[in-house]
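Participant: Input structure: input38.txt, which contains compact mmCIF, C-alpha atoms.
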# COMPACT_ATOMS: atom_id res chain seq x y z
CA MET A 1 0.00 0.00 0.00
CA ARG A 2 2.77 2.38 0.97
CA LEU A 3 4.71 1.42 -2.13
CA LEU A 4 1.67 2.19 -4.26
CA PHE A 5 1.33 5.55 -2.59
CA VAL A 6 4.97 6.43 -3.13
CA LEU A 7 4.68 5.32 -6.74
CA PHE A 8 1.63 7.53 -7.10
CA VAL A 9 3.44 10.53 -5.70
CA PHE A 10 6.46 9.81 -7.88
CA GLY A 11 4.24 9.37 -10.91
CA THR A 12 2.40 12.60 -10.25
CA LEU A 13 5.68 14.39 -9.75
CA PHE A 14 7.03 12.98 -12.95
CA LEU A 15 4.04 14.21 -14.91
CA ILE A 16 3.84 17.70 -13.48
CA ASN A 17 7.39 18.38 -12.45
CA CYS A 18 9.06 21.49 -13.76
CA GLU A 19 11.79 19.25 -15.07
CA PRO A 20 11.67 15.52 -15.69
CA SER A 21 13.66 14.67 -12.59
CA LEU A 22 12.86 13.31 -9.17
CA PRO A 23 14.00 14.91 -5.95
CA GLU A 24 16.66 13.24 -3.96
CA PHE A 25 15.47 11.46 -0.85
CA PRO A 26 18.13 12.33 1.67
CA ASN A 27 19.01 9.72 4.21
CA GLU A 28 19.19 12.21 7.05
CA THR A 29 17.05 14.32 9.36
CA ILE A 30 15.69 17.35 7.51
CA PRO A 31 12.85 19.86 7.83
CA GLY A 32 9.59 18.51 6.47
CA MET A 33 6.01 17.72 7.43
CA ARG A 34 4.49 14.84 9.30
CA PRO A 35 0.91 13.73 9.63
CA ILE A 36 -0.83 14.09 12.98
CA TYR A 37 -3.12 11.14 13.66
CA ALA A 38 -6.38 11.23 15.57
CA SER A 39 -5.10 8.31 17.62
CA GLU A 40 -2.03 10.26 18.68
CA PHE A 41 -2.76 10.83 22.32
CA ASP A 42 0.68 11.01 23.81
CA PHE A 43 1.19 14.62 24.72
CA THR A 44 2.47 13.61 28.16
CA ILE A 45 5.38 15.59 29.52
CA LYS A 46 7.42 13.85 32.16
CA GLN A 47 10.86 13.52 33.61
CA GLU A 48 12.69 10.54 32.25
CA SER A 49 16.11 9.16 32.89
CA ARG A 50 18.14 9.12 29.73
CA ASP A 51 21.91 8.88 29.98
CA SER A 52 22.78 9.99 26.50
CA ILE A 53 21.40 12.24 23.80
CA TYR A 54 20.06 9.96 21.07
CA ASN A 55 19.68 12.54 18.27
CA VAL A 56 21.30 15.88 18.92
CA GLY A 57 18.98 18.64 17.74
CA LYS A 58 18.71 22.34 18.43
CA ILE A 59 20.59 23.98 21.27
CA PHE A 60 19.93 26.92 23.54
CA VAL A 61 22.29 28.62 25.98
CA TYR A 62 20.59 30.14 29.00
CA GLY A 63 23.08 31.75 31.37
CA ASP A 64 25.26 28.95 32.69
CA TYR A 65 22.86 26.35 31.41
CA LEU A 66 22.63 24.54 28.15
CA LEU A 67 19.46 23.00 26.79
CA VAL A 68 19.70 20.40 24.05
CA ASN A 69 16.83 19.02 22.03
CA ASP A 70 16.84 15.25 21.52
CA ILE A 71 15.04 15.24 18.16
CA THR A 72 11.28 14.57 18.55
CA ASP A 73 11.83 13.27 22.09
CA GLY A 74 12.44 16.14 24.47
CA ILE A 75 15.03 18.35 26.10
CA HIS A 76 18.18 17.70 28.13
CA VAL A 77 18.99 20.32 30.75
CA ILE A 78 22.73 20.65 31.36
CA ASP A 79 24.70 22.64 33.89
CA ASN A 80 27.47 24.27 31.86
CA GLN A 81 28.96 26.61 34.47
CA ASP A 82 32.26 24.93 33.80
CA PRO A 83 32.34 24.20 30.04
CA ALA A 84 35.19 21.77 30.68
CA LYS A 85 32.88 19.72 32.92
CA PRO A 86 29.28 19.98 31.73
CA LYS A 87 26.89 18.19 34.06
CA LYS A 88 23.61 16.64 32.94
CA LEU A 89 20.82 17.63 35.30
CA TYR A 90 17.77 15.93 33.85
CA PHE A 91 15.85 15.04 30.70
CA ILE A 92 12.33 16.28 30.00
CA SER A 93 10.39 13.92 27.77
CA ILE A 94 8.29 16.08 25.40
CA PRO A 95 6.82 13.96 22.58
CA GLY A 96 7.30 15.54 19.15
CA ASN A 97 9.68 18.24 20.40
CA THR A 98 12.15 19.86 18.00
CA ASP A 99 12.38 23.51 19.02
CA LEU A 100 12.79 25.60 22.15
CA SER A 101 13.45 28.98 23.72
CA VAL A 102 13.84 30.23 27.30
CA LYS A 103 13.07 33.45 29.11
CA ASP A 104 12.80 34.21 32.84
CA ASN A 105 13.20 30.52 33.74
CA LEU A 106 10.30 29.60 31.50
CA LEU A 107 10.95 27.10 28.76
CA TYR A 108 8.84 27.35 25.60
CA ALA A 109 8.72 24.17 23.53
CA ASP A 110 6.66 22.44 20.87
CA ASN A 111 4.88 19.27 21.97
CA HIS A 112 3.54 17.75 18.72
CA THR A 113 1.08 20.43 17.60
CA ASP A 114 0.91 22.25 20.95
CA LEU A 115 3.10 24.94 22.45
CA VAL A 116 3.93 24.24 26.10
CA VAL A 117 5.45 26.45 28.79
CA LEU A 118 7.46 24.86 31.61
CA SER A 119 9.10 26.51 34.56
CA ILE A 120 12.57 25.08 35.01
CA ASP A 121 15.16 25.16 37.74
CA GLU A 122 18.18 23.13 38.75
CA SER A 123 16.21 20.30 40.22
CA GLY A 124 13.34 19.93 37.82
CA PHE A 125 10.46 21.44 35.93
CA GLU A 126 6.75 22.02 36.07
CA LEU A 127 4.26 22.30 33.21
CA LYS A 128 2.66 25.75 33.47
CA HIS A 129 0.70 26.29 30.30
CA ARG A 130 -0.37 24.59 27.12
CA VAL A 131 -1.59 26.31 23.95
CA GLU A 132 -3.23 23.79 21.66
CA GLN A 133 -2.77 23.47 17.91
CA VAL A 134 -0.28 26.31 17.41
CA PHE A 135 1.56 24.03 14.98
CA LEU A 136 -1.36 22.17 13.43
CA GLU A 137 -2.04 22.79 9.78
CA GLU A 138 -4.99 21.68 7.71
CA GLY A 139 -4.46 19.39 4.79
CA ASN A 140 -5.97 16.15 3.73
CA GLU A 141 -5.47 12.49 4.57
CA GLU A 142 -2.76 11.94 1.99
CA PHE A 143 -0.90 15.16 1.46
CA PRO A 144 0.39 18.08 3.52
CA PRO A 145 -1.00 21.51 2.60
CA ARG A 146 2.26 22.82 1.18
CA ARG A 147 4.22 22.65 -2.05
CA ASP A 148 7.83 21.61 -2.51
CA VAL A 149 7.92 19.77 0.75
CA TYR A 150 9.23 16.47 2.02
CA PHE A 151 6.85 14.61 4.26
CA GLU A 152 6.52 11.46 6.28
CA CYS A 153 4.29 9.13 4.25
CA PRO A 154 0.98 8.62 6.09
CA ASP A 155 0.63 5.18 7.59
CA PRO A 156 -2.99 3.99 7.22
CA THR A 157 -2.59 1.60 10.13
CA LYS A 158 -2.18 4.59 12.44
CA GLY A 159 -5.69 5.78 11.65
CA LYS A 160 -7.18 9.03 10.53
CA VAL A 161 -4.95 12.00 9.73
CA LEU A 162 -6.17 15.14 11.56
CA GLY A 163 -3.71 17.55 10.01
CA TRP A 164 -0.03 18.18 9.50
CA ARG A 165 2.83 19.85 11.23
CA SER A 166 6.15 21.23 10.19
CA THR A 167 8.95 19.46 12.01
CA LEU A 168 12.17 17.53 11.53
CA ILE A 169 11.70 14.20 9.78
CA ASP A 170 14.15 11.39 9.30
CA SER A 171 14.87 9.97 5.83
CA PRO A 172 11.55 10.96 4.24
CA GLN A 173 10.14 8.74 1.49
CA CYS A 174 7.44 11.13 0.24
CA TYR A 175 7.64 14.48 -1.47
CA LYS A 176 5.00 16.88 -2.75
CA ASN A 177 5.79 19.19 -5.59
CA ARG A 178 2.74 21.43 -5.86
CA MET B 1 -8.21 31.86 68.41
CA LYS B 2 -8.98 29.31 65.74
CA LYS B 3 -9.07 32.12 63.22
CA LEU B 4 -5.64 33.29 64.31
CA TYR B 5 -4.22 29.80 63.85
CA SER B 6 -5.72 29.65 60.38
CA LEU B 7 -4.22 32.99 59.58
CA LEU B 8 -0.80 31.90 60.82
CA LEU B 9 -1.08 28.69 58.86
CA LEU B 10 -2.02 30.65 55.76
CA LEU B 11 0.95 32.99 56.20
CA PHE B 12 3.19 29.97 56.63
CA LEU B 13 1.90 28.41 53.42
CA VAL B 14 2.26 31.65 51.48
CA SER B 15 5.84 32.14 52.63
CA CYS B 16 6.67 28.54 51.71
CA GLY B 17 5.26 29.15 48.27
CA ALA B 18 7.48 32.16 47.82
CA ASP B 19 10.55 30.29 49.05
CA SER B 20 10.15 27.51 46.56
CA ASP B 21 10.86 29.98 43.75
CA SER B 22 14.25 30.90 45.06
CA VAL B 23 16.36 28.36 43.17
CA SER B 24 16.43 29.46 39.61
CA LEU B 25 18.57 28.95 36.56
CA GLY B 26 20.78 31.86 35.61
CA PRO B 27 21.25 35.20 37.28
CA GLY B 28 17.83 36.59 36.39
CA ASN B 29 17.53 39.74 34.37
CA GLY B 30 20.14 40.18 31.70
CA VAL B 31 20.89 36.46 31.56
CA THR B 32 22.56 35.36 28.35
CA SER B 33 20.07 33.68 26.05
CA ILE B 34 21.41 32.41 22.75
CA ALA B 35 19.84 29.99 20.32
CA GLY B 36 21.69 28.02 17.69
CA SER B 37 21.33 29.26 14.11
CA THR B 38 18.85 26.52 13.20
CA SER B 39 16.30 27.69 15.77
CA GLY B 40 12.70 28.22 14.69
CA PHE B 41 11.75 30.12 17.89
CA THR B 42 12.84 33.51 19.11
CA ILE B 43 11.80 35.70 22.03
CA ILE B 44 11.97 39.49 21.96
CA ASN B 45 10.89 41.05 25.25
CA ASP B 46 7.23 40.10 25.73
CA HIS B 47 6.75 38.22 22.48
CA LEU B 48 7.56 34.75 21.25
CA TYR B 49 7.90 34.27 17.48
CA VAL B 50 7.51 30.75 16.11
CA LEU B 51 7.40 29.25 12.64
CA SER B 52 4.75 26.98 11.28
CA THR B 53 5.55 25.89 7.70
CA ASN B 54 3.99 28.81 5.87
CA SER B 55 3.59 31.35 8.61
CA LEU B 56 5.29 33.40 11.25
CA LYS B 57 3.22 33.39 14.46
CA VAL B 58 3.41 35.93 17.26
CA LEU B 59 2.49 35.03 20.83
CA ASP B 60 2.13 37.46 23.70
CA ILE B 61 4.03 36.08 26.71
CA SER B 62 3.98 39.23 28.84
CA ASP B 63 2.09 37.61 31.72
CA ALA B 64 3.86 34.51 33.00
CA GLN B 65 0.74 33.59 34.95
CA LEU B 66 -1.26 33.23 31.78
CA ALA B 67 -0.90 30.94 28.80
CA PRO B 68 0.75 32.59 25.79
CA VAL B 69 -1.80 34.28 23.55
CA LEU B 70 -1.59 34.00 19.78
CA VAL B 71 -1.89 37.62 18.64
CA ASN B 72 -0.87 37.52 15.01
CA GLN B 73 0.01 35.27 12.15
CA MET B 74 1.81 36.38 8.98
CA GLU B 75 1.56 34.21 5.91
CA VAL B 76 4.87 33.82 4.10
CA PRO B 77 4.95 32.17 0.66
CA ALA B 78 7.71 29.71 1.49
CA ASN B 79 8.58 26.74 3.64
CA LEU B 80 10.09 28.44 6.65
CA GLU B 81 12.86 26.83 8.63
CA THR B 82 14.82 29.24 10.80
CA ILE B 83 14.56 32.60 12.59
CA PHE B 84 17.50 34.85 13.38
CA ARG B 85 16.94 38.10 15.20
CA LYS B 86 19.18 41.13 14.82
CA GLY B 87 17.98 44.33 16.48
CA GLN B 88 14.48 45.08 15.26
CA ASN B 89 14.76 42.70 12.33
CA LEU B 90 13.88 39.05 11.94
CA PHE B 91 15.68 37.07 9.27
CA LEU B 92 13.64 34.06 8.21
CA GLY B 93 15.51 31.26 6.47
CA ALA B 94 13.24 29.56 3.95
CA ASP B 95 13.57 27.12 1.08
CA ASN B 96 13.38 29.88 -1.52
CA GLY B 97 15.22 32.73 0.08
CA VAL B 98 15.72 34.90 3.11
CA TYR B 99 12.80 37.03 4.29
CA ILE B 100 13.43 40.12 6.38
CA TYR B 101 10.74 41.47 8.72
CA ASP B 102 10.70 44.52 10.93
CA VAL B 103 9.32 43.97 14.43
CA SER B 104 9.45 47.53 15.80
CA LEU B 105 5.76 46.94 16.40
CA PRO B 106 6.16 43.56 18.10
CA GLU B 107 2.68 42.29 17.27
CA LYS B 108 2.76 43.51 13.69
CA PRO B 109 5.81 42.12 11.89
CA ALA B 110 6.20 44.14 8.70
CA TYR B 111 7.69 42.61 5.58
CA ILE B 112 10.77 44.55 4.44
CA SER B 113 12.46 42.52 1.73
CA ARG B 114 13.49 39.17 0.44
CA TYR B 115 16.69 37.81 -0.97
CA GLN B 116 15.65 35.16 -3.44
CA HIS B 117 17.42 31.95 -4.25
CA GLN B 118 16.08 28.78 -5.73
CA THR B 119 17.34 26.04 -3.53
CA GLY B 120 16.87 24.41 -0.20
CA CYS B 121 18.06 26.70 2.48
CA ASP B 122 19.60 26.44 5.84
CA PRO B 123 20.09 29.17 8.35
CA VAL B 124 21.09 32.77 8.27
CA VAL B 125 23.02 34.88 10.80
CA ALA B 126 23.71 38.59 10.63
CA ASN B 127 25.69 41.42 12.11
CA ASP B 128 24.96 45.10 11.54
CA LYS B 129 26.09 45.18 7.94
CA PHE B 130 26.06 41.67 6.55
CA ALA B 131 23.96 38.54 6.63
CA TYR B 132 25.54 35.15 6.00
CA VAL B 133 23.38 32.38 4.60
CA THR B 134 24.16 28.73 3.95
CA ILE B 135 22.45 26.73 1.23
CA ARG B 136 22.54 22.95 1.16
CA ASP B 137 21.40 20.71 -1.65
CA GLY B 138 18.68 18.09 -1.65
CA ASN B 139 15.50 19.98 -2.27
CA ALA B 140 12.90 21.07 -4.77
CA CYS B 141 12.85 19.70 -8.30
CA GLY B 142 16.09 17.81 -7.83
CA ARG B 143 17.80 20.15 -10.25
CA ASN B 144 20.09 21.80 -7.79
CA SER B 145 23.19 20.50 -6.27
CA ILE B 146 24.18 23.81 -4.85
CA ASN B 147 26.10 24.13 -1.62
CA GLN B 148 27.10 27.65 -0.81
CA LEU B 149 27.84 30.30 1.74
CA ILE B 150 26.30 33.57 0.56
CA THR B 151 27.11 37.02 1.92
CA LEU B 152 24.43 39.69 1.73
CA ASP B 153 25.02 43.36 2.29
CA ILE B 154 22.14 44.42 4.52
CA SER B 155 23.22 47.97 5.31
CA ASP B 156 19.99 48.79 3.48
CA VAL B 157 17.64 46.08 4.69
CA THR B 158 15.09 47.03 2.06
CA ASN B 159 17.55 45.87 -0.56
CA PRO B 160 19.85 43.00 0.41
CA VAL B 161 22.68 42.74 -2.11
CA ASN B 162 24.65 39.58 -2.85
CA LYS B 163 28.33 40.36 -2.30
CA SER B 164 29.98 36.98 -2.27
CA VAL B 165 29.25 33.32 -3.04
CA ILE B 166 31.55 30.63 -1.74
CA ASN B 167 31.16 27.00 -2.73
CA MET B 168 30.86 24.62 0.17
CA ILE B 169 30.56 20.84 0.68
CA ARG B 170 27.24 20.53 2.55
CA PRO B 171 26.97 23.48 4.93
CA ARG B 172 24.58 23.63 7.87
CA GLY B 173 24.51 25.93 10.90
CA LEU B 174 26.79 28.90 11.37
CA GLY B 175 27.72 31.55 13.91
CA PHE B 176 30.18 34.16 15.07
CA PHE B 177 32.97 33.46 17.56
CA GLN B 178 35.63 35.97 18.58
CA GLY B 179 35.24 38.01 15.42
CA ASP B 180 35.31 35.12 12.97
CA LEU B 181 32.53 33.30 11.17
CA TYR B 182 32.33 29.55 11.73
CA VAL B 183 30.29 27.33 9.42
CA GLY B 184 29.45 23.70 10.11
CA GLU B 185 29.97 21.34 7.19
CA GLY B 186 28.23 18.45 8.97
CA ILE B 187 30.30 15.28 8.98
CA TYR B 188 32.96 16.95 6.82
CA GLY B 189 34.09 19.39 9.46
CA LEU B 190 34.08 23.01 10.52
CA LYS B 191 35.24 26.04 8.57
CA LYS B 192 36.53 29.28 9.98
CA PHE B 193 36.21 32.39 7.83
CA ASP B 194 38.09 35.60 8.39
CA LEU B 195 35.73 38.59 8.37
CA SER B 196 38.32 41.38 8.13
CA GLU B 197 36.39 42.34 5.04
CA GLY B 198 32.85 41.47 5.99
CA PHE B 199 31.60 41.52 2.42
CA ASP B 200 34.14 38.90 1.43
CA PRO B 201 34.68 36.10 3.99
CA LYS B 202 38.01 34.37 3.51
CA LEU B 203 38.47 30.72 4.38
CA ASP B 204 41.06 30.68 7.13
CA THR B 205 41.00 27.13 8.47
CA PHE B 206 39.12 23.94 7.65
CA TYR B 207 38.99 21.75 10.74
CA THR B 208 38.28 18.37 9.16
CA ALA B 209 38.46 16.58 12.49
CA ILE B 210 35.63 18.63 14.03
CA PRO B 211 32.23 17.54 12.68
CA ALA B 212 29.70 20.36 13.10
CA ASN B 213 25.96 20.67 12.45
CA ASP B 214 25.32 23.86 14.40
CA LEU B 215 27.21 26.06 16.82
CA ILE B 216 27.00 28.86 19.35
CA GLY B 217 29.91 31.19 19.99
CA LEU B 218 30.06 32.18 23.67
CA THR B 219 32.47 34.74 25.10
CA ASN B 220 35.20 32.25 25.89
CA SER B 221 34.12 29.03 24.26
CA LEU B 222 32.62 27.59 21.14
CA LEU B 223 29.78 25.11 21.50
CA ILE B 224 29.28 22.67 18.63
CA THR B 225 26.65 20.05 17.87
CA SER B 226 27.23 17.08 15.62
CA ASN B 227 25.69 13.68 15.00
CA SER B 228 27.95 12.26 17.66
CA GLY B 229 27.18 14.74 20.43
CA ILE B 230 28.22 18.08 21.84
CA THR B 231 31.76 19.40 21.94
CA GLN B 232 33.16 22.61 23.43
CA TYR B 233 36.33 24.36 22.40
CA THR B 234 38.42 27.31 23.45
CA LYS B 235 40.69 29.20 21.11
CA ASP B 236 44.37 28.72 21.66
CA GLY B 237 46.10 31.01 19.20
CA GLU B 238 44.85 29.74 15.86
CA ALA B 239 44.06 26.29 17.15
CA LEU B 240 40.79 25.13 18.67
CA GLN B 241 41.36 23.30 21.91
CA LEU B 242 38.83 20.64 22.88
CA ILE B 243 37.73 21.14 26.47
CA SER B 244 34.79 18.76 26.72
CA ARG B 245 32.74 16.26 24.82
CA PHE B 246 29.52 14.46 25.73
CA ARG B 247 26.38 13.01 24.31
Any chance you could put this one into structure tokens?
Facilitator:
Amino acid sequence: MRLLFVLFVFGTLFLINCEPSLPEFPNETIPGMRPIYASEFDFTIKQESRDSIYNVGKIFVYGDYLLVNDITDGIHVIDNQDPAKPKKLYFISIPGNTDLSVKDNLLYADNHTDLVVLSIDESGFELKHRVEQVFLEEGNEEFPPRRDVYFECPDPTKGKVLGWRSTLIDSPQCYKNR
Amino acid sequence: MKKLYSLLLLLFLVSCGADSDSVSLGPGNGVTSIAGSTSGFTIINDHLYVLSTNSLKVLDISDAQLAPVLVNQMEVPANLETIFRKGQNLFLGADNGVYIYDVSLPEKPAYISRYQHQTGCDPVVANDKFAYVTIRDGNACGRNSINQLITLDISDVTNPVNKSVINMIRPRGLGFFQGDLYVGEGIYGLKKFDLSEGFDPKLDTFYTAIPANDLIGLTNSLLITSNSGITQYTKDGEALQLISRFR
């Protein structure tokens, strides 16, 4: 089924492409879109023990502290007062997270399609606010609403697609031209 | 008497509440806050700017007690990837160019200009006079295999002018450190450019043993991300001295 879908997208691209060539499908993590499924209920933010950073993403320096995104998983909070001896404090599991910013000890982060605000200190964090659907975009079951965009191919076994979001995706197999 | 006890208890609780706020990260006001060049979020005073594929969204975060309020949304005809803020300007890195917005009115970003290019784009950083943009291949129409570092003269932000194009391997994030421009070439290494003439960056050193996806230049150290973790360096003459590594 997925193969058919990819073939369909390829075929469509081939017919309508500005030039008779296919895009490359990079085998790396790049900006793109991913479908948000109705069944996707895991917006839970929690502290989790994680010794290493699996996929190093975006970074943010806040005073003597360093925050590192673990791509689509959450944020590591690191004490970097002595850059020669950085000390991991804790990991905040934030499903879908790829971006962050901090002001006045408040961490702003994306949590799938929501924006969340967490107060942070040396010992831990607390979820303060959640703004729903800041990052949700319309679109249909098969395609994201944008042109010239790589996207994660929808998986029918995961159920109905509610919409799409712009995020980092790993080794995409689908691409929409227009 | 009972009332007095209640009052005392209440006071006790209130003071405990206040105490629990005392341990905080950073020294408070004026704390250094720096994002890597690939960031899609930026905060300016009471406003948070975020990117959603085709739009720049503005959220009011002035009251920490309240949830951020979405106050504006600007449609931008591009797939947006990064935000860099310089003074009152936002530089948006997109797949078809660099868009410059003025945020003197924080809730009403005003479009100023666009530098157009036709390929997939990575981030942009800027100083007062120049913006530096990296472009990496692997995007629309498959016709481009362009990997470049582009220098734009932005002394007139209404009309960014291309001053220099340097061919690169596969450049990613970039940033300033102690007067120089550093550009990550992913697994291929890190390049240092001399900015004595800002309009014409000159390759000074190619550190092939330092993989770099993105970086942040701090006062005394350079922070680098790569697929294998985080490394920090200090500058020792012309050499970069590794001071820590973790993942």
Participant: Just want the 12 Å neighbourhood of Lys160 (chain A), counted on only C-alpha atoms, with same-chain residues fewer than 5 positions away dropped. Output as a PyMOL selection string.
Facilitator: chain A and resi 35-40+140-142+154-155
Participant: With distances taken over only C-alpha atoms, which residue among A:Ser171, A:Ser93, A:Ser101, A:Ser166 lies nearest Met33 (chain A)?
Facilitator: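 Residue with the minimum atom-to-atom distance to Met33 (chain A): A:Ser166.
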Participant: As an exercise, work out the distance from CA of Ala35 (chain B) to CA of Val183 (chain B) in Å and give it to one decimal place.
Facilitator: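 Those two atoms sit 15.3 Å apart.
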Participant: Up to 6 Å from chain B, what residues of chain A turn up? Count all atoms listed in the file and give them as a list in words.
Facilitator: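 Within 6 Å of chain B on chain A, we get Leu22, Pro23, Glu24, Ser52, Ile53, Ile59, Phe60, Val61, Tyr62, Gly63, Ala84, Asp121, His129, Phe135, Asp148 and Ser166 of chain A.
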Participant: Distance CA of Glu48 (chain A)-CA of Asp82 (chain A), one decimal place?
Facilitator: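 For CA of Glu48 (chain A) relative to CA of Asp82 (chain A), the distance reads 24.3 Å.
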Participant: So that I can see what lies close to Pro144 (chain A), please list as a list in words the residues with an atom at most 10 Å from it, counting only C-alpha atoms and leaving out residues fewer than 2 positions away in the same chain.
Facilitator: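 Contacts, with the query itself left out: Gly32, Met33, Arg34, Pro35, Glu137, Glu138, Gly139, Asn140, Glu141, Glu142, Arg146, Arg147, Val149, Tyr150, Phe151, Glu152, Cys153, Pro154, Gly163, Trp164, Arg165, Ser166, Tyr175 and Lys176 of chain A.
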Participant: In Å to one decimal, how far is CA of Thr134 (chain B) from CA of Thr29 (chain A)?
Facilitator: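 These atoms are spaced 17.0 Å apart.
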